[in-house]
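Student: I am sharing work29.csv, which consists of CSV, C-alpha atoms:
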chain,number,residue,atom,x,y,z
A,1,MET,CA,11.6,17.9,-21.3
A,2,THR,CA,10.1,20.3,-18.7
A,3,THR,CA,8.9,19.1,-15.3
A,4,GLU,CA,5.3,19.3,-16.5
A,5,GLU,CA,6.1,17.1,-19.6
A,6,ARG,CA,7.9,14.6,-17.4
A,7,ILE,CA,4.9,14.4,-15.0
A,8,LEU,CA,2.5,14.0,-18.0
A,9,THR,CA,4.6,11.1,-19.3
A,10,VAL,CA,4.6,9.4,-15.9
A,11,VAL,CA,0.9,9.7,-15.5
A,12,LYS,CA,0.2,8.4,-19.0
A,13,GLN,CA,2.4,5.4,-18.5
A,14,VAL,CA,0.8,4.5,-15.1
A,15,ALA,CA,-2.8,5.2,-16.1
A,16,GLN,CA,-2.7,3.9,-19.6
A,17,LYS,CA,-5.5,6.3,-20.3
A,18,PRO,CA,-5.9,9.7,-21.9
A,19,VAL,CA,-5.0,12.5,-19.5
A,20,PRO,CA,-7.1,15.7,-19.3
A,21,SER,CA,-5.6,18.7,-21.0
A,22,ASP,CA,-6.6,21.0,-18.1
A,23,PRO,CA,-3.8,20.6,-15.5
A,24,GLU,CA,-6.2,21.6,-12.7
A,25,GLU,CA,-8.7,18.8,-13.5
A,26,SER,CA,-8.8,16.0,-10.9
A,27,LEU,CA,-7.1,12.8,-12.1
A,28,PHE,CA,-9.5,10.9,-9.8
A,29,GLU,CA,-12.7,12.5,-10.7
A,30,SER,CA,-11.9,12.2,-14.4
A,31,GLY,CA,-11.3,8.5,-14.0
A,32,VAL,CA,-7.6,8.6,-15.0
A,33,LEU,CA,-6.4,7.3,-11.7
A,34,ASP,CA,-8.0,4.9,-9.2
A,35,SER,CA,-7.0,4.0,-5.6
A,36,PHE,CA,-4.6,1.3,-6.8
A,37,ALA,CA,-3.0,3.3,-9.6
A,38,LEU,CA,-2.1,6.1,-7.2
A,39,PRO,CA,0.6,4.2,-5.3
A,40,ASP,CA,2.1,3.2,-8.7
A,41,MET,CA,2.1,6.8,-9.9
A,42,VAL,CA,3.8,8.0,-6.7
A,43,SER,CA,6.5,5.3,-7.1
A,44,ALA,CA,7.0,6.2,-10.7
A,45,LEU,CA,7.3,9.9,-9.8
A,46,GLU,CA,9.9,9.0,-7.2
A,47,LYS,CA,11.9,7.1,-9.8
A,48,GLU,CA,11.6,9.8,-12.5
A,49,PHE,CA,12.6,12.7,-10.2
A,50,GLY,CA,15.0,10.9,-7.9
A,51,ILE,CA,13.0,11.8,-4.8
A,52,LYS,CA,11.6,10.0,-1.8
A,53,VAL,CA,8.0,10.9,-0.9
A,54,PRO,CA,7.8,10.6,2.9
A,55,ASP,CA,4.8,8.7,4.3
A,56,SER,CA,3.5,11.9,5.9
A,57,ASP,CA,3.2,13.3,2.3
A,58,LEU,CA,1.3,10.3,1.0
A,59,HIS,CA,-2.1,11.9,0.7
A,60,PRO,CA,-4.1,11.9,-2.5
A,61,ARG,CA,-4.8,15.6,-2.4
A,62,LYS,CA,-1.1,16.2,-3.2
A,63,PHE,CA,-1.4,14.2,-6.4
A,64,ASP,CA,-4.9,15.0,-7.4
A,65,SER,CA,-4.1,16.9,-10.6
A,66,LEU,CA,-1.1,17.6,-12.9
A,67,ALA,CA,-0.8,21.0,-11.4
A,68,ARG,CA,-0.7,19.7,-7.8
A,69,ILE,CA,1.8,17.1,-8.7
A,70,ALA,CA,4.0,19.8,-10.3
A,71,ASP,CA,3.7,21.9,-7.2
A,72,TYR,CA,4.7,19.0,-5.0
A,73,ILE,CA,7.6,18.0,-7.2
A,74,SER,CA,8.9,21.5,-7.4
A,75,VAL,CA,9.1,21.6,-3.6
A,76,ARG,CA,10.7,18.2,-3.3
A,77,VAL,CA,13.4,18.8,-5.9
A,78,ALA,CA,14.2,22.4,-4.7
B,1,MET,CA,9.4,-16.8,24.4
B,2,ALA,CA,5.9,-17.7,23.1
B,3,PHE,CA,4.4,-20.2,20.8
B,4,LEU,CA,1.2,-20.3,18.7
B,5,ARG,CA,-0.8,-23.3,19.9
B,6,GLY,CA,-3.5,-23.2,17.3
B,7,PHE,CA,-6.4,-21.3,15.8
B,8,GLY,CA,-10.2,-21.3,15.6
B,9,SER,CA,-12.9,-19.4,13.8
B,10,TYR,CA,-16.6,-18.8,13.5
B,11,LEU,CA,-18.5,-17.5,10.5
B,12,PRO,CA,-22.2,-16.8,10.7
B,13,ALA,CA,-24.5,-19.0,8.5
B,14,ARG,CA,-26.0,-16.3,6.3
B,15,VAL,CA,-24.2,-15.9,3.0
B,16,VAL,CA,-24.7,-12.5,1.3
B,17,ASP,CA,-23.5,-12.6,-2.3
B,18,ASN,CA,-22.7,-9.7,-4.5
B,19,ALA,CA,-25.9,-9.9,-6.4
B,20,GLU,CA,-27.9,-9.4,-3.3
B,21,LEU,CA,-25.8,-6.5,-2.1
B,22,ALA,CA,-25.6,-4.9,-5.6
B,23,ALA,CA,-29.4,-4.8,-5.7
B,24,ARG,CA,-29.6,-3.1,-2.4
B,25,LEU,CA,-26.8,-0.6,-3.2
B,26,GLY,CA,-27.7,0.1,-6.8
B,27,CYS,CA,-24.4,-1.1,-8.3
B,28,GLU,CA,-23.2,-3.9,-10.5
B,29,ALA,CA,-22.2,-7.2,-8.8
B,30,GLY,CA,-19.2,-7.4,-11.2
B,31,TRP,CA,-18.0,-4.0,-10.0
B,32,ILE,CA,-17.8,-5.3,-6.4
B,33,THR,CA,-15.6,-8.2,-7.5
B,34,SER,CA,-13.4,-6.1,-9.7
B,35,VAL,CA,-12.6,-3.4,-7.0
B,36,SER,CA,-12.3,-5.7,-4.0
B,37,GLY,CA,-12.0,-9.4,-5.1
B,38,ILE,CA,-15.0,-10.1,-2.8
B,39,GLU,CA,-17.7,-12.4,-4.1
B,40,GLN,CA,-19.7,-13.0,-0.9
B,41,ARG,CA,-19.6,-12.3,2.8
B,42,ARG,CA,-21.4,-13.6,6.0
B,43,TYR,CA,-23.8,-11.6,8.0
B,44,ALA,CA,-24.8,-12.5,11.6
B,45,ALA,CA,-28.4,-12.9,12.5
B,46,GLU,CA,-29.9,-9.8,14.2
B,47,ALA,CA,-30.0,-11.6,17.6
B,48,GLU,CA,-26.5,-12.9,17.2
B,49,THR,CA,-24.2,-10.5,19.1
B,50,LEU,CA,-20.5,-9.7,18.8
B,51,VAL,CA,-20.0,-11.7,22.0
B,52,ASP,CA,-21.7,-14.7,20.5
B,53,LEU,CA,-19.4,-14.6,17.5
B,54,ALA,CA,-16.3,-14.3,19.8
B,55,VAL,CA,-17.4,-17.2,22.1
B,56,ASN,CA,-18.1,-19.5,19.1
B,57,ALA,CA,-14.6,-18.8,17.7
B,58,ALA,CA,-13.0,-19.2,21.1
B,59,ASN,CA,-14.7,-22.5,21.6
B,60,ASP,CA,-13.6,-23.7,18.2
B,61,CYS,CA,-10.1,-22.8,19.1
B,62,LEU,CA,-10.1,-24.4,22.5
B,63,SER,CA,-11.6,-27.5,21.0
B,64,ARG,CA,-9.0,-27.8,18.2
B,65,THR,CA,-6.1,-27.2,20.6
B,66,SER,CA,-7.6,-29.4,23.4
B,67,ILE,CA,-7.0,-26.6,25.9
B,68,LYS,CA,-9.4,-26.3,28.8
B,69,ALA,CA,-10.7,-23.0,30.0
B,70,GLY,CA,-8.8,-23.5,33.3
B,71,GLU,CA,-5.5,-23.5,31.4
B,72,ILE,CA,-6.0,-20.0,30.1
B,73,GLY,CA,-4.3,-17.2,32.1
B,74,LEU,CA,-5.4,-14.2,30.1
B,75,VAL,CA,-8.1,-13.3,27.5
B,76,LEU,CA,-7.7,-10.6,24.9
B,77,VAL,CA,-10.6,-9.6,22.7
B,78,SER,CA,-10.0,-7.3,19.7
B,79,SER,CA,-12.9,-5.6,18.1
B,80,GLY,CA,-13.6,-2.3,16.3
B,81,SER,CA,-17.4,-2.9,16.1
B,82,SER,CA,-18.2,-3.3,19.8
B,83,GLU,CA,-21.8,-2.6,20.5
B,84,ARG,CA,-21.3,-0.2,23.4
B,85,ARG,CA,-18.8,2.3,24.7
B,86,PHE,CA,-18.1,0.2,27.8
B,87,PRO,CA,-17.6,-2.4,29.0
B,88,GLY,CA,-16.0,-3.9,25.9
B,89,PRO,CA,-16.8,-7.5,25.1
B,90,ALA,CA,-13.7,-9.1,26.7
B,91,ALA,CA,-15.1,-9.7,30.2
B,92,GLU,CA,-18.4,-11.0,29.0
B,93,VAL,CA,-16.6,-13.3,26.5
B,94,ALA,CA,-14.5,-14.7,29.3
B,95,ALA,CA,-17.5,-15.2,31.5
B,96,ARG,CA,-19.3,-17.1,28.8
B,97,LEU,CA,-16.3,-19.3,28.3
B,98,GLY,CA,-16.3,-20.2,32.0
B,99,MET,CA,-13.2,-18.1,32.8
B,100,GLY,CA,-15.0,-15.4,34.9
B,101,GLY,CA,-18.1,-15.5,37.0
B,102,GLY,CA,-19.3,-18.7,38.6
B,103,SER,CA,-23.0,-18.7,38.3
B,104,LEU,CA,-25.1,-20.5,35.7
B,105,ILE,CA,-25.0,-18.5,32.6
B,106,ASN,CA,-27.9,-18.8,30.2
B,107,VAL,CA,-26.4,-18.7,26.7
B,108,PRO,CA,-28.8,-18.5,23.8
B,109,ALA,CA,-26.1,-18.4,21.2
B,110,ILE,CA,-25.6,-21.0,18.5
B,111,ASN,CA,-23.4,-23.9,19.5
B,112,VAL,CA,-22.7,-22.5,23.0
B,113,PRO,CA,-23.9,-24.7,25.8
B,114,ALA,CA,-24.9,-23.3,29.2
B,115,ILE,CA,-22.1,-23.5,31.7
B,116,ASN,CA,-21.9,-23.8,35.4
B,117,VAL,CA,-18.3,-23.6,36.6
B,118,PRO,CA,-16.4,-22.2,39.6
B,119,ALA,CA,-15.3,-18.6,39.3
B,120,ILE,CA,-11.7,-18.3,38.2
B,121,ASN,CA,-11.9,-14.7,37.1
B,122,VAL,CA,-9.3,-14.7,34.4
B,123,PRO,CA,-8.3,-11.2,33.5
B,124,ALA,CA,-9.9,-10.1,30.2
B,125,ILE,CA,-8.6,-7.1,28.2
B,126,ASP,CA,-10.3,-5.4,25.4
B,127,ILE,CA,-8.3,-4.2,22.4
B,128,PRO,CA,-10.7,-1.7,20.7
B,129,MET,CA,-8.8,-1.7,17.4
B,130,ALA,CA,-10.3,-2.5,14.0
B,131,SER,CA,-8.3,-4.2,11.2
B,132,ALA,CA,-4.9,-4.6,12.8
B,133,GLY,CA,-6.3,-5.5,16.2
B,134,SER,CA,-5.6,-9.2,16.0
B,135,LEU,CA,-2.0,-8.5,14.9
B,136,PHE,CA,-1.5,-6.2,17.8
B,137,GLY,CA,-3.2,-8.7,20.1
B,138,MET,CA,-0.9,-11.4,18.9
B,139,ALA,CA,2.2,-9.4,19.7
B,140,LEU,CA,0.8,-8.4,23.1
B,141,ALA,CA,-0.1,-12.0,23.9
B,142,ALA,CA,3.4,-13.1,23.0
B,143,GLN,CA,4.9,-10.5,25.4
B,144,LEU,CA,2.4,-11.4,28.2
B,145,ALA,CA,2.3,-15.2,27.9
B,146,PRO,CA,5.5,-15.8,29.8
B,147,SER,CA,4.1,-14.0,32.9
B,148,CYS,CA,0.3,-14.7,32.5
B,149,GLY,CA,0.3,-18.2,31.1
B,150,ALA,CA,-1.6,-19.2,28.0
B,151,VAL,CA,-3.3,-16.3,26.3
B,152,LEU,CA,-6.6,-16.7,24.4
B,153,LEU,CA,-6.7,-14.0,21.8
B,154,ILE,CA,-10.1,-13.5,20.0
B,155,ALA,CA,-11.0,-11.0,17.3
B,156,ALA,CA,-14.7,-10.6,16.6
B,157,GLU,CA,-16.5,-8.1,14.4
B,158,LYS,CA,-20.2,-7.6,13.5
B,159,MET,CA,-19.6,-5.1,10.7
B,160,SER,CA,-23.0,-5.7,9.1
B,161,THR,CA,-24.6,-3.4,11.7
B,162,VAL,CA,-22.0,-0.7,11.0
B,163,ILE,CA,-22.4,-0.6,7.3
B,164,ALA,CA,-26.2,-0.7,7.5
B,165,ARG,CA,-26.2,2.8,9.1
B,166,GLU,CA,-27.7,5.5,6.8
B,167,PRO,CA,-26.7,7.0,4.5
B,168,LEU,CA,-25.5,3.7,2.9
B,169,ASP,CA,-22.1,4.1,1.3
B,170,LYS,CA,-21.5,1.5,-1.4
B,171,ASN,CA,-17.8,1.9,-1.3
B,172,THR,CA,-17.7,0.6,2.3
B,173,ALA,CA,-20.8,-1.5,2.3
B,174,ILE,CA,-19.4,-3.9,-0.3
B,175,LEU,CA,-16.3,-4.7,1.7
B,176,PHE,CA,-17.3,-5.8,5.1
B,177,GLY,CA,-18.6,-9.0,6.6
B,178,ASP,CA,-19.1,-10.6,10.1
B,179,GLY,CA,-17.0,-13.2,11.8
B,180,ALA,CA,-14.6,-14.1,14.5
B,181,GLY,CA,-11.2,-15.7,14.8
B,182,ALA,CA,-9.1,-16.9,17.8
B,183,CYS,CA,-5.7,-18.3,18.7
B,184,VAL,CA,-4.0,-19.5,21.8
B,185,ILE,CA,-0.5,-18.2,22.5
B,186,ASP,CA,1.4,-20.4,25.0
B,187,PRO,CA,4.6,-19.6,26.9
B,188,ASP,CA,6.0,-23.1,26.6
B,189,HIS,CA,5.1,-25.0,23.4
B,190,GLY,CA,3.0,-24.9,20.2
B,191,LEU,CA,3.0,-25.3,16.5
B,192,ALA,CA,5.2,-22.3,15.8
B,193,LYS,CA,7.6,-20.1,17.8
B,194,ILE,CA,6.8,-16.4,17.7
B,195,GLY,CA,9.9,-14.4,16.8
B,196,HIS,CA,10.4,-10.8,16.0
B,197,TRP,CA,7.5,-8.4,15.5
B,198,ARG,CA,7.2,-4.7,14.7
B,199,LEU,CA,4.1,-2.5,15.5
B,200,HIS,CA,3.6,1.1,14.3
B,201,SER,CA,0.9,3.7,14.8
B,202,ASP,CA,0.4,7.1,13.1
B,203,GLY,CA,-2.6,9.1,14.5
B,204,SER,CA,-2.2,11.9,11.9
B,205,PHE,CA,-4.5,9.8,9.6
B,206,ALA,CA,-7.1,9.1,12.3
B,207,GLN,CA,-9.8,11.0,10.4
B,208,ASP,CA,-9.4,9.0,7.2
B,209,LEU,CA,-10.8,5.7,8.6
B,210,ARG,CA,-13.0,6.0,11.6
B,211,LEU,CA,-16.3,4.9,13.1
B,212,GLU,CA,-18.1,7.3,15.4
B,213,PHE,CA,-20.7,5.9,17.7
B,214,GLY,CA,-24.1,5.8,16.0
B,215,GLU,CA,-22.6,7.1,12.7
B,216,PRO,CA,-21.8,5.3,9.4
B,217,LEU,CA,-18.2,4.1,8.8
B,218,HIS,CA,-16.1,6.8,7.2
B,219,MET,CA,-13.3,5.6,5.0
B,220,ASP,CA,-11.2,7.6,2.5
B,221,GLY,CA,-10.2,4.6,0.4
B,222,ARG,CA,-7.5,6.4,-1.5
B,223,VAL,CA,-5.6,7.4,1.6
B,224,VAL,CA,-6.0,3.9,3.1
B,225,ILE,CA,-4.8,2.2,0.0
B,226,LEU,CA,-1.9,4.7,-0.6
B,227,GLN,CA,-0.7,4.3,2.9
B,228,ALA,CA,-1.2,0.6,3.2
B,229,SER,CA,0.5,-0.1,-0.1
B,230,ARG,CA,3.7,1.6,1.3
B,231,LYS,CA,3.6,0.7,5.0
B,232,LEU,CA,2.7,-3.0,4.8
B,233,PRO,CA,5.7,-4.1,2.6
B,234,ALA,CA,7.9,-1.8,4.6
B,235,VAL,CA,7.0,-3.4,8.0
B,236,ILE,CA,7.2,-6.9,6.6
B,237,ARG,CA,10.7,-6.1,5.3
B,238,GLU,CA,11.6,-4.8,8.8
B,239,VAL,CA,10.6,-8.1,10.4
B,240,LEU,CA,12.3,-10.2,7.8
B,241,GLU,CA,15.5,-8.2,7.8
B,242,HIS,CA,15.7,-8.5,11.6
B,243,ALA,CA,15.4,-12.2,11.2
B,244,GLN,CA,17.8,-12.2,8.3
B,245,GLN,CA,15.2,-14.0,6.2
B,246,PRO,CA,14.6,-13.2,2.6
B,247,ALA,CA,10.9,-12.7,1.7
B,248,SER,CA,11.3,-15.5,-0.8
B,249,ALA,CA,12.1,-18.0,2.0
B,250,THR,CA,8.9,-17.3,3.8
B,251,SER,CA,6.5,-20.2,3.4
B,252,ALA,CA,3.3,-18.1,3.8
B,253,PHE,CA,2.0,-14.6,4.5
B,254,ILE,CA,-1.2,-14.3,6.4
B,255,MET,CA,-2.5,-10.8,6.3
B,256,HIS,CA,-5.6,-8.8,7.4
B,257,GLN,CA,-8.0,-9.5,4.6
B,258,ALA,CA,-8.8,-6.0,3.6
B,259,ASN,CA,-8.9,-6.1,-0.2
B,260,GLN,CA,-7.6,-8.7,-2.7
B,261,ASN,CA,-6.0,-6.0,-4.9
B,262,LEU,CA,-4.1,-4.8,-1.9
B,263,ILE,CA,-2.9,-8.3,-1.0
B,264,VAL,CA,-1.6,-8.7,-4.5
B,265,ARG,CA,0.1,-5.3,-4.5
B,266,VAL,CA,1.9,-6.2,-1.2
B,267,ALA,CA,3.1,-9.5,-2.8
B,268,GLN,CA,4.4,-7.6,-5.8
B,269,ALA,CA,6.2,-5.1,-3.7
B,270,LEU,CA,8.0,-7.9,-1.9
B,271,GLU,CA,8.6,-9.7,-5.1
B,272,VAL,CA,6.8,-12.8,-3.8
B,273,ALA,CA,4.3,-14.9,-5.6
B,274,PRO,CA,0.8,-13.8,-4.6
B,275,GLU,CA,-0.1,-17.5,-4.1
B,276,LYS,CA,2.1,-17.3,-0.9
B,277,PHE,CA,-0.4,-14.8,0.5
B,278,TYR,CA,-3.3,-16.9,1.9
B,279,SER,CA,-6.6,-15.3,0.9
B,280,ASN,CA,-10.2,-16.0,1.7
B,281,ILE,CA,-11.5,-12.5,1.1
B,282,ALA,CA,-13.6,-13.7,-1.8
B,283,ARG,CA,-15.7,-15.8,0.5
B,284,TYR,CA,-15.9,-13.7,3.7
B,285,GLY,CA,-15.1,-10.2,2.7
B,286,ASN,CA,-13.3,-7.9,5.1
B,287,THR,CA,-14.1,-9.0,8.6
B,288,SER,CA,-11.8,-6.2,10.0
B,289,SER,CA,-9.7,-7.4,13.0
B,290,ALA,CA,-11.2,-10.9,12.8
B,291,SER,CA,-10.0,-11.5,9.3
B,292,MET,CA,-6.3,-12.4,10.0
B,293,LEU,CA,-7.2,-15.0,12.5
B,294,ILE,CA,-10.0,-16.5,10.4
B,295,ALA,CA,-7.5,-16.7,7.5
B,296,ALA,CA,-4.9,-18.3,9.9
B,297,ALA,CA,-7.4,-20.9,11.1
B,298,GLU,CA,-8.2,-21.9,7.5
B,299,TRP,CA,-4.6,-21.8,6.4
B,300,ASN,CA,-3.6,-24.0,9.4
B,301,ASP,CA,-6.2,-26.6,8.4
B,302,ARG,CA,-5.1,-26.7,4.8
B,303,ALA,CA,-1.3,-26.2,4.9
B,304,GLY,CA,-0.1,-25.3,8.4
B,305,PHE,CA,3.3,-24.7,9.9
B,306,ARG,CA,6.3,-26.8,8.8
B,307,ALA,CA,9.4,-27.2,11.0
B,308,GLY,CA,11.9,-24.3,10.4
B,309,GLU,CA,9.7,-22.5,7.9
B,310,PRO,CA,8.9,-18.9,8.7
B,311,VAL,CA,5.4,-17.5,8.3
B,312,VAL,CA,4.6,-13.8,8.4
B,313,PHE,CA,1.4,-12.3,9.9
B,314,ALA,CA,0.7,-8.6,9.0
B,315,GLY,CA,-2.1,-6.1,9.3
B,316,PHE,CA,-2.9,-2.4,8.6
B,317,GLY,CA,-5.9,-0.4,9.5
B,318,ALA,CA,-7.7,2.4,11.3
B,319,GLY,CA,-5.5,4.5,13.4
B,320,PHE,CA,-3.5,4.1,11.4
B,321,HIS,CA,-2.0,1.0,13.1
B,322,TRP,CA,0.1,-1.5,11.3
B,323,GLY,CA,2.6,-4.2,11.9
B,324,ALA,CA,4.0,-7.6,11.1
B,325,LEU,CA,5.0,-10.6,13.2
B,326,LEU,CA,7.2,-13.6,12.3
B,327,ALA,CA,6.4,-17.2,13.5
B,328,THR,CA,8.5,-20.2,12.7
B,329,GLY,CA,7.2,-23.7,12.6
B,330,VAL,CA,8.7,-26.1,15.2
B,331,GLY,CA,9.4,-29.8,14.7
Write out the structure in this file as structure tokens.

Tutor:
Amino acid sequence: MTTEERILTVVKQVAQKPVPSDPEESLFESGVLDSFALPDMVSALEKEFGIKVPDSDLHPRKFDSLARIADYISVRVA
Amino acid sequence: MAFLRGFGSYLPARVVDNAELAARLGCEAGWITSVSGIEQRRYAAEAETLVDLAVNAANDCLSRTSIKAGEIGLVLVSSGSSERRFPGPAAEVAARLGMGGGSLINVPAINVPAINVPAINVPAIDIPMASAGSLFGMALAAQLAPSCGAVLLIAAEKMSTVIAREPLDKNTAILFGDGAGACVIDPDHGLAKIGHWRLHSDGSFAQDLRLEFGEPLHMDGRVVILQASRKLPAVIREVLEHAQQPASATSAFIMHQANQNLIVRVAQALEVAPEKFYSNIARYGNTSSASMLIAAAEWNDRAGFRAGEPVVFAGFGAGFHWGALLATGVG
């Protein structure tokens, strides 16, 4: 699977809701994620990609859309 | 060494339920419960000041612990909703309790008798810190008690005036209530011995939860929940690991009552039954820095410390400031 496909799988598992097809669409504004699903998603991404998201990076804007998550993951795994 | 002697609290009489608040905010009462676990909160009367709330909680605490004002060596007052820039409420609270100022003080507040006592001028320090203020105050009091004598720590908040500022934000207005809590920390004896504590601050998130003078409360709830969900379990683990105590052996967790969903999340992260986390947020909402001591006072009435059993206190909030403190019941 590609990084984008793995991210999509994680988001679907956490949200248990349909995910927007547009990777730029906000996962919050579209109602996919709420404040309490976000920490779960970050933990699931850490597990999936074997990374540790430092507290200084724990900001919703870094995880606001599939595209932003992909950007962040690409930096962390590089 | 320092000990928790006892707790006290004060909640204003007026109950504001979700139906009343929902009608004012244009939302559903059930939505408030689902996103916060809050069913009602208390609002102080317009004439009831933050100092009134603090004095009432302090008197409840002094009465329950049978401690006289003259036995107190230091007063700490935590509040994030102080009504003026300076002075903070601490000195006035101490004076109203008969610990500073010797003249007759006319006290119009509920349940507070007029006092006429000699001036003893106990030092009174403000902790202008919302949410985690009582946790930080507890740690400071434990450190200062051996040199100052018994410390009266009070946390008081009148959040109803803060959330009433226009424009109303339903996401914050649903959360907060008014109230005050207190405890006495004694250098020599008490119900529980205060052990290790850890306090942390990170000012890089200062803009995400803040209250400017005269402006509405600003809170980016997603940032707060994301950070608190990670930092609270981590700092509780720090304290427990230092004491070589597994979380499962802790008899109770008494946290800042910010949001029921957050309390459950912290319990899950620590793999502890949520029932071990004392919660009264359904009845009082989030009373900011007062909430942990109000919860502690109720918990102490209902369950209380048992010899040798550890209890964890923890809080997270604006700053961000967060921390945890371990206290173990004495026989």

Student: Do me a favour and pick out the residues of chain B within 10 Å of chain A, using all atoms listed in the file, as an MDAnalysis selection string.

Tutor: chainID B and resid 35 202 204:205 220:231 261:262 265

Student: Measuring atom to atom with all atoms listed in the file, identify which of B:Ala69, B:Gly37, B:Gly315, B:Ala2 is nearest to B:Ala141.

Tutor: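 Among B:Ala69, B:Gly37, B:Gly315, B:Ala2, it is B:Ala2 that comes nearest to B:Ala141.
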
Student: Using all atoms listed in the file, which residue out of B:Ser289, B:Thr328, B:Gln40, B:Asn56 lies closest to B:Gly8?

Tutor: B:Asn56

Student: In Å to one decimal, how far is atom CA of B:Ala234 from atom CA of B:Gly195?

Tutor: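 Those two atoms sit 17.7 Å apart.
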
Student: Residues within 10 Å of B:Arg165, please, as a ChimeraX atom specification. Count only C-alpha atoms; anything in the same chain fewer than 5 positions from it doesn't count.

Tutor: /B:160,173,214-217
